[in-house]
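Since the structure comes first, as structure tokens, the remarks are kept for the end.
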Amino acid sequence: DLPGQSLPTGFFDPIGFTKVLDEKTLKVWREAELKHGRVAMLASVGMLTAERWNPLFGGKISGASIYHFQQIENIYNPFWIIVLSAIGLVEFFNISKGWETQDEKTTSTAMLKENYVPGDLGFDPLGLRPANSYNYEALSPEFVRIRTKELNNGRLAMIGVAGMIAQELVDKNTIWGHFAQHGFGRATYGM
């Protein structure tokens with residue numbers, strides 16, 4: 001019944017996690033999968049965009065995107081404080097919305113609230129979320145369809161970002177440089 005099942009595999013659990021995990025733990029794992037997928041989708045767009053176009057910091061940041069953070073750190077010292085504060089703010093909001101409080105928890109470890117839908121941050125500025133999707137026990141088919149797309153895109157992005165990082169680590173060339181080597185666009189080589 002979980003969103004994320006797609007053809008041709010259908011319900012894909014070759015290791016058998018769903019057979020040994022209870023529903024509460026499975027919800028936590030789904031929350032983590034959604035969060036990692038969302039970060040990977042942003043990272044894939046960010047890596048490609050930053051290598052080609054970066055108006056911030058006077059154009060001083062260049063080369064393979066895996067080295068951009070180190071370059072920013074050298075130019076703007078409070079960068080990591082701002083990044084970690086932003087991450088902390090999102091996590092605080094997520095924990096206060098979806099996780100059990102000390103009084104609510106039924107196990108030694110806090111779990112997701114009973115009726116919380118994993119990944120629901122309440123942020124939908126484009127209004128894409130179907131109306132009947134805030135009840136975990138009665139998710140609409142439309143919500144399951146949209147969430148499955150999000151999960152599949154997130155899974156692909158996690159694999160894609162891992163490949164981009166590995167390729168840049170191997171030869172220090174940009175992703176766009178690799179595209180140019182194979183006849184897709186102009187090159188932006190090296191650091």
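Order determines the names: the first chain of the structure tokens is A, the second B, and so forth; residues in each chain are numbered 1 upward, and ligands are numbered 1 upward as they are shown.
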
Long-range neighbours of range 157-167 of chain A as a PyMOL selection string, 10 Å cut-off, only C-alpha atoms, 6 positions minimum in chain: chain A and resi 33+36-45+47-48+64-66+151+173-175+178

Just want the 12 Å neighbourhood of Ser6 in chain A, counted on only C-alpha atoms, with same-chain residues fewer than 5 positions away dropped. Output as a ChimeraX atom specification. /A:1,11-12,144-153

Which distance in Å separates CA of Glu142 in chain A and CA of Pro130 in chain A, to one decimal? 6.5 Å

Can you pull out every residue within 9 Å of Thr101 in chain A, counting only C-alpha atoms, but drop anything in the same chain fewer than 2 positions away, and send it as a ChimeraX atom specification? /A:96,99,103-105,110-111,113

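Of the residues listed (A:Arg52, A:Lys60, A:His182, A:Arg129), A:Lys60 shows the shortest atom-to-atom separation from Glu73 in chain A; distances use only C-alpha atoms.
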
With a distance cut-off of 12 Å and only C-alpha atoms, select the neighbouring residues of range 56-59 of chain A, excluding the residue or stretch itself and same-chain residues fewer than 3 positions from it, and output the selection as an NGL selection string. :A and (50-53 or 62-63 or 68 or 71-76 or 79)

Please produce an output containing C-alpha atoms for each residue in the selection, written as a PDB file, in the first residue's frame.
```
ATOM      1  CA  ALA A  50      26.516  26.343 -10.481  1.00  0.00           C
ATOM      2  CA  GLU A  51      29.071  25.041 -12.955  1.00  0.00           C
ATOM      3  CA  ARG A  52      27.558  27.066 -15.785  1.00  0.00           C
ATOM      4  CA  TRP A  53      26.146  30.160 -14.087  1.00  0.00           C
ATOM      5  CA  SER A  62      34.475  28.143 -10.834  1.00  0.00           C
ATOM      6  CA  GLY A  63      35.376  24.637 -11.879  1.00  0.00           C
ATOM      7  CA  HIS A  68      32.512  25.045  -4.831  1.00  0.00           C
ATOM      8  CA  GLN A  71      35.866  28.066  -2.597  1.00  0.00           C
ATOM      9  CA  ILE A  72      32.887  29.783  -0.928  1.00  0.00           C
ATOM     10  CA  GLU A  73      34.339  29.067   2.499  1.00  0.00           C
ATOM     11  CA  ASN A  74      37.514  30.930   1.513  1.00  0.00           C
ATOM     12  CA  ILE A  75      35.556  33.918   0.187  1.00  0.00           C
ATOM     13  CA  TYR A  76      32.742  34.222   2.743  1.00  0.00           C
ATOM     14  CA  PHE A  79      28.754  30.616   4.846  1.00  0.00           C
TER      15      PHE A  79
END
```

Within 12 Å of range 22-25 of chain A using only C-alpha atoms, minus same-chain residues under 6 positions, as a PDB file with N, CA and C atoms, in the first residue's frame:
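File written: selection-v1.pdb
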```
ATOM      1  N   ASP A   1       0.809  -1.203   0.000  1.00  0.00           N
ATOM      2  CA  ASP A   1       0.000   0.000   0.000  1.00  0.00           C
ATOM      3  C   ASP A   1       0.851   1.265   0.000  1.00  0.00           C
ATOM      4  N   LEU A   2       2.152   1.133   0.115  1.00  0.00           N
ATOM      5  CA  LEU A   2       3.022   2.302   0.180  1.00  0.00           C
ATOM      6  C   LEU A   2       3.178   2.965  -1.178  1.00  0.00           C
ATOM      7  N   GLU A  31      10.235   8.603   5.477  1.00  0.00           N
ATOM      8  CA  GLU A  31      10.530  10.025   5.704  1.00  0.00           C
ATOM      9  C   GLU A  31      11.974  10.327   5.295  1.00  0.00           C
ATOM     10  N   ALA A  32      12.901   9.463   5.695  1.00  0.00           N
ATOM     11  CA  ALA A  32      14.316   9.663   5.355  1.00  0.00           C
ATOM     12  C   ALA A  32      14.536   9.543   3.848  1.00  0.00           C
ATOM     13  N   TRP A  99       7.022  14.669  14.450  1.00  0.00           N
ATOM     14  CA  TRP A  99       7.560  13.697  15.399  1.00  0.00           C
ATOM     15  C   TRP A  99       6.858  13.776  16.747  1.00  0.00           C
ATOM     16  N   GLU A 100       6.778  12.646  17.410  1.00  0.00           N
ATOM     17  CA  GLU A 100       6.139  12.568  18.725  1.00  0.00           C
ATOM     18  C   GLU A 100       6.911  13.401  19.751  1.00  0.00           C
ATOM     19  N   LYS A 105       5.225   9.853  22.985  1.00  0.00           N
ATOM     20  CA  LYS A 105       5.945   8.675  22.504  1.00  0.00           C
ATOM     21  C   LYS A 105       5.552   7.409  23.260  1.00  0.00           C
ATOM     22  N   THR A 106       5.485   6.330  22.514  1.00  0.00           N
ATOM     23  CA  THR A 106       5.064   5.041  23.062  1.00  0.00           C
ATOM     24  C   THR A 106       6.223   4.061  23.176  1.00  0.00           C
ATOM     25  N   THR A 107       7.375   4.432  22.603  1.00  0.00           N
ATOM     26  CA  THR A 107       8.566   3.590  22.689  1.00  0.00           C
ATOM     27  C   THR A 107       9.688   4.413  23.302  1.00  0.00           C
ATOM     28  N   THR A 109      12.233   5.446  21.826  1.00  0.00           N
ATOM     29  CA  THR A 109      12.661   6.409  20.824  1.00  0.00           C
ATOM     30  C   THR A 109      11.438   7.081  20.229  1.00  0.00           C
ATOM     31  N   ALA A 110      11.496   8.377  20.056  1.00  0.00           N
ATOM     32  CA  ALA A 110      10.378   9.084  19.435  1.00  0.00           C
ATOM     33  C   ALA A 110      10.237   8.631  17.983  1.00  0.00           C
ATOM     34  N   MET A 111       9.009   8.460  17.556  1.00  0.00           N
ATOM     35  CA  MET A 111       8.707   8.057  16.184  1.00  0.00           C
ATOM     36  C   MET A 111       7.832   9.140  15.550  1.00  0.00           C
ATOM     37  N   LEU A 112       7.452   8.926  14.288  1.00  0.00           N
ATOM     38  CA  LEU A 112       6.559   9.867  13.639  1.00  0.00           C
ATOM     39  C   LEU A 112       5.173   9.775  14.261  1.00  0.00           C
ATOM     40  N   LYS A 113       4.476  10.900  14.277  1.00  0.00           N
ATOM     41  CA  LYS A 113       3.118  10.913  14.817  1.00  0.00           C
ATOM     42  C   LYS A 113       2.231   9.963  14.019  1.00  0.00           C
ATOM     43  N   GLU A 114       1.223   9.443  14.688  1.00  0.00           N
ATOM     44  CA  GLU A 114       0.359   8.407  14.117  1.00  0.00           C
ATOM     45  C   GLU A 114      -0.241   8.809  12.772  1.00  0.00           C
ATOM     46  N   ASN A 115      -0.786  10.021  12.675  1.00  0.00           N
ATOM     47  CA  ASN A 115      -1.482  10.436  11.469  1.00  0.00           C
ATOM     48  C   ASN A 115      -0.628  11.316  10.551  1.00  0.00           C
ATOM     49  N   TYR A 116       0.667  11.439  10.843  1.00  0.00           N
ATOM     50  CA  TYR A 116       1.566  12.258  10.028  1.00  0.00           C
ATOM     51  C   TYR A 116       1.902  11.522   8.733  1.00  0.00           C
ATOM     52  N   VAL A 117       1.822  12.226   7.623  1.00  0.00           N
ATOM     53  CA  VAL A 117       2.185  11.655   6.330  1.00  0.00           C
ATOM     54  C   VAL A 117       3.668  11.936   6.103  1.00  0.00           C
ATOM     55  N   PRO A 118       4.503  10.894   5.953  1.00  0.00           N
ATOM     56  CA  PRO A 118       5.940  11.124   5.763  1.00  0.00           C
ATOM     57  C   PRO A 118       6.218  12.120   4.638  1.00  0.00           C
ATOM     58  N   TYR A 136      -2.981   9.840   6.898  1.00  0.00           N
ATOM     59  CA  TYR A 136      -2.103   8.726   6.539  1.00  0.00           C
ATOM     60  C   TYR A 136      -2.870   7.434   6.300  1.00  0.00           C
ATOM     61  N   GLU A 137      -3.988   7.263   6.966  1.00  0.00           N
ATOM     62  CA  GLU A 137      -4.751   6.020   6.843  1.00  0.00           C
ATOM     63  C   GLU A 137      -5.594   5.980   5.568  1.00  0.00           C
TER      64      GLU A 137
END
```

Go through range 2-103 of chain A and collect every residue that DSSP, computed from the backbone, puts in helix (DSSP H, G or I); the answer should be as JSON, numbers by chain. {"A": [17, 18, 19, 20, 23, 24, 25, 26, 27, 28, 29, 30, 31, 32, 33, 34, 35, 36, 37, 38, 39, 40, 41, 42, 43, 44, 45, 46, 47, 48, 49, 50, 51, 52, 56, 57, 58, 59, 65, 66, 67, 68, 69, 70, 71, 72, 73, 74, 75, 79, 80, 81, 82, 83, 84, 85, 86, 87, 88, 89, 90, 91, 92, 93, 94, 95, 96, 97, 98]}

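Straight-line separation from CA of Ser140 in chain A to CA of Gly127 in chain A: 15.6 Å.
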
So, counting only C-alpha atoms, which residue among A:Val28, A:Pro141, A:Gly4, A:Val83 is closest to Ile95 in chain A?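 Of the candidates, the smallest distance to Ile95 in chain A is held by A:Val28.
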